[in-house]
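Below is one structure, written out as structure tokens, with a few remarks after it.
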Amino acid sequence: MKALVYAGPGKKSVMDVPKPKVENATDAVVKILHTTICGTDLHILKGDVPTCQPGTVLGHEGVGVIESLGSAVSNFKVGDHVLISCISSCGRCEYCRRSMYSHCTSGGWLLGHTIHGTQAEYVRVPHADTSMYPVPQGADEASLVMLSDILPTGFECGVLNGKVAPGGTVAIVGAGPVGLAALLTAQFYSPARIIVVDLDDGRLEMASRFGATDVVNSGRESAAEAVKRLTEGVGVDTAIEAVGIPATFGICQEIVAPGGVIANVGVHGSKVDLHLETLWMQNISITTRLVDTQTTSMLLKTVVAKKLDPSGLITHRFTLNQMMEAYDTFARAAQTKALKVVISAG
């Protein structure tokens with residue numbers, strides 16, 4: 001089968017690899033109908049994720065149809081259309097029983113990381129009963145790919161960890177797909193102000209359309225000064241870091257108000273400075289998290305009920321035969337205006 005394979009830092013290729021098969025009784029083999037590229041995939045290609053070995057098929061998001069099942073899978077049948085979670089969870093270990101599925105002792109972030117992923121014609125999904133969701137009848141399956149990762153990531157790691165509350169003030173630093181997912185889901189809690197900070201006017205325009213009350217281009221003015229001005233000099237109750245570089249984490253430290261929360265969402269490939277010399281007495285909290293996808297079922301219900309529309313995050317569409325072109329488009333987002341690209345079976 002055709003698949004996008006990581007060949008080491010800075011290297012990738014589309015190549016023929018063996019089709020996956022059921023290896024354990026809890027596995028499913030799924031024919032991919034729609035997948036996408038994540039910022040984390042770009043971090044892998046930069047060499048930021050050394051636990052991903054060369055030769056791995058990338059991708060951890062997807063919607064597909066079940067081709068075969070292990071004997072222990074009871075929640076699904078062959079032919080079912082399913083949403084694949086970016087996190088595989090056994091549902092039984094100590095961490096799963098604490099809803100920390102990302103730390104599952106036999107699961108966690110496996111797909112496209114430590115086992116072959118979804119940017120291929122087929123994928124093997126471990127712990128299928130607790131790592132996939134039935135696709136509702138009539139749903140826009142391509143849009144549901146946004147529920148594999150970015151929407152639960154923005155919601156859990158940003159909004160929930162950031163303790164977004166009614167009447168509060170929120171700043172989201174980074175208007176990429178995950179930052180915009182945090183913007184969409186922060187509105188569940190009716191904060192009074194949501195400020196989005198980015199360098200790209202196109203993404204800031206989209207943030208305004210998605211519900212931001214204010215946008216700041218940090219390439220033209222000091223983000224910290226602008227946010228302080230918008231909050232009467234106080235700063236924000238919640239600062240969501242959605243990029244994963246030292247500069248954006250630094251902005252979050254400058255704009256968080258006393259008693260506030262910095263919720264880190266970005267994948268950091270290098271060290272950042274923590275300015276405790278200014279923060280030590282500010283009563284702030286700093287949170288980190290890998291998405292657990294414990295909210296995916298809830299988010300799926302909001303999409304079906306048309307309370308949340310993930311389709312606006314999709315800007316480009318490709319086929320599996322165009323995966324290299326899709327990567328080029330996604331990696332050059334500033335020029336191509338890409339947010340999420342959807343790659344579909346031809």
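Labels for the structure tokens follow display order: chains A, B, ..., residues from 1 in each chain, ligands from 1.
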Checklist entry - Which of range 235-313 of chain A counts as strand (DSSP E or B) under DSSP, as a ChimeraX atom specification please? => result /A:236-241,256-264,285-287
Checklist entry - Please, which residues of range 71-247 of chain A, numbered as in this document, come out alpha helix (DSSP H) from DSSP, as a PyMOL selection string? => result chain A and resi 94-97+141-144+150-153+177-186+201-210+223-230+246-247
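Closest approach to Phe318 in chain A among A:Lys301, A:His275, A:Lys340, A:Lys46: A:Lys340, based on only C-alpha atoms.
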Checklist entry - What lies within 10 Å of Arg92 in chain A using only C-alpha atoms, ignoring chain neighbours under 6 positions off, as number ranges by chain? => result A: 98, 101, 104-106, 130
Next on the checklist: Which residues are near Ser297 in chain A? Cut-off 12 Å, only C-alpha atoms, ignore same chain within fewer than 2 positions. Put them as a count of residues only.
Outcome noted: 25
Checklist entry - Excluding same-chain residues fewer than 4 positions from Asn264 in chain A, what lies within 8 Å of it counting only C-alpha atoms, as JSON, numbers by chain? => result {"A": [157, 158, 240, 241, 242, 249, 286, 287, 288, 289]}
For those residues, write N, CA and C atoms to a file as a tab-separated table (two decimals), in the first residue's frame.
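The result, stored in selection23.tsv:
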chain	number	residue	atom	x	y	z
A	157	CYS	N	-6.27	20.76	26.48
A	157	CYS	CA	-4.98	21.31	26.90
A	157	CYS	C	-5.03	22.83	27.06
A	158	GLY	N	-5.90	23.47	26.30
A	158	GLY	CA	-6.00	24.92	26.37
A	158	GLY	C	-7.14	25.42	27.23
A	240	ILE	N	-3.12	31.00	26.62
A	240	ILE	CA	-2.97	29.70	25.98
A	240	ILE	C	-1.83	29.78	24.96
A	241	GLU	N	-0.78	29.00	25.20
A	241	GLU	CA	0.37	28.94	24.29
A	241	GLU	C	0.10	27.84	23.27
A	242	ALA	N	-0.04	28.22	21.99
A	242	ALA	CA	-0.47	27.26	20.97
A	242	ALA	C	0.50	27.17	19.80
A	249	PHE	N	5.90	31.33	24.32
A	249	PHE	CA	5.79	31.05	25.75
A	249	PHE	C	6.19	32.28	26.56
A	286	ILE	N	0.96	27.14	35.85
A	286	ILE	CA	1.39	26.76	34.51
A	286	ILE	C	1.03	25.29	34.32
A	287	THR	N	0.28	25.00	33.25
A	287	THR	CA	-0.17	23.63	33.02
A	287	THR	C	0.42	23.09	31.73
A	288	THR	N	0.69	21.80	31.74
A	288	THR	CA	1.11	21.09	30.53
A	288	THR	C	0.24	19.86	30.38
A	289	ARG	N	0.14	19.38	29.15
A	289	ARG	CA	-0.72	18.21	28.95
A	289	ARG	C	-0.54	17.68	27.53
Item to check | Neighbour list for range 111-113 of chain A as a PyMOL selection string, cut-off 7 Å, only C-alpha atoms, skip fewer than 5 positions in-chain | outcome: chain A and resi 52+56-60+86+118
Just want the 7 Å neighbourhood of Ala28 in chain A, counted on only C-alpha atoms, with same-chain residues fewer than 5 positions away dropped. Output as an mmCIF file with N, CA, C and O atoms, in the first residue's frame.
data_model
loop_
_atom_site.group_PDB
_atom_site.id
_atom_site.type_symbol
_atom_site.label_atom_id
_atom_site.label_comp_id
_atom_site.auth_asym_id
_atom_site.auth_seq_id
_atom_site.Cartn_x
_atom_site.Cartn_y
_atom_site.Cartn_z
ATOM 1 N N VAL A 22 -4.248 -7.528 11.472
ATOM 2 C CA VAL A 22 -4.545 -7.687 12.893
ATOM 3 C C VAL A 22 -3.409 -8.457 13.550
ATOM 4 O O VAL A 22 -3.037 -9.542 13.097
ATOM 5 N N ILE A 66 -13.900 0.047 8.708
ATOM 6 C CA ILE A 66 -13.234 -1.132 9.259
ATOM 7 C C ILE A 66 -13.194 -2.251 8.228
ATOM 8 O O ILE A 66 -14.222 -2.629 7.659
ATOM 9 N N SER A 68 -11.052 -5.241 8.976
ATOM 10 C CA SER A 68 -10.942 -6.492 9.742
ATOM 11 C C SER A 68 -10.796 -6.169 11.215
ATOM 12 O O SER A 68 -10.363 -5.078 11.587
ATOM 13 N N LEU A 69 -11.160 -7.139 12.052
ATOM 14 C CA LEU A 69 -11.186 -6.945 13.501
ATOM 15 C C LEU A 69 -10.564 -8.127 14.216
ATOM 16 O O LEU A 69 -10.700 -9.282 13.775
ATOM 17 N N GLY A 70 -9.927 -7.848 15.356
ATOM 18 C CA GLY A 70 -9.481 -8.901 16.242
ATOM 19 C C GLY A 70 -10.662 -9.539 16.962
ATOM 20 O O GLY A 70 -11.742 -8.946 17.077
ATOM 21 N N ARG A 124 -3.479 0.041 11.262
ATOM 22 C CA ARG A 124 -3.870 -0.851 12.366
ATOM 23 C C ARG A 124 -4.098 0.002 13.603
ATOM 24 O O ARG A 124 -3.219 0.758 14.015
ATOM 25 N N VAL A 125 -5.279 -0.117 14.193
ATOM 26 C CA VAL A 125 -5.632 0.652 15.382
ATOM 27 C C VAL A 125 -5.637 -0.269 16.596
ATOM 28 O O VAL A 125 -6.484 -1.165 16.703
ATOM 29 N N PRO A 126 -4.685 -0.096 17.536
ATOM 30 C CA PRO A 126 -4.705 -0.916 18.755
ATOM 31 C C PRO A 126 -5.870 -0.496 19.673
ATOM 32 O O PRO A 126 -6.382 0.622 19.576
ATOM 33 N N ALA A 128 -8.985 -1.149 19.785
ATOM 34 C CA ALA A 128 -9.988 -0.553 18.909
ATOM 35 C C ALA A 128 -11.275 -0.175 19.637
ATOM 36 O O ALA A 128 -11.864 0.882 19.364
#
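CA of Leu183 in chain A to CA of Ala263 in chain A spans 13.3 Å [interatomic distance, one decimal].
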Checklist entry - Of the candidates A:Ile245, A:Leu313, A:Val341, A:Val227, which one gets nearest to Pro177 in chain A if we count only C-alpha atoms? => result A:Leu313
Checklist entry - Looking at only C-alpha atoms, which of A:Ala7, A:Leu110, A:Thr213, A:Glu61 is the one that sits closest to Gly39 in chain A? => result A:Glu61
Next on the checklist: Counting only C-alpha atoms, which residue out of A:Leu279, A:Val291, A:Val17, A:Ala142 sits closest to Val159 in chain A?
Outcome noted: A:Val291
Item to check | Selected residue, from A:Pro246, A:Gly269, A:Pro310, A:Ala165, that lies nearest to Phe210 in chain A when counting only C-alpha atoms | outcome: A:Pro310
Item to check | d(CA of Asp140 in chain A, CA of Gln187 in chain A) in Å | outcome: 22.3 Å
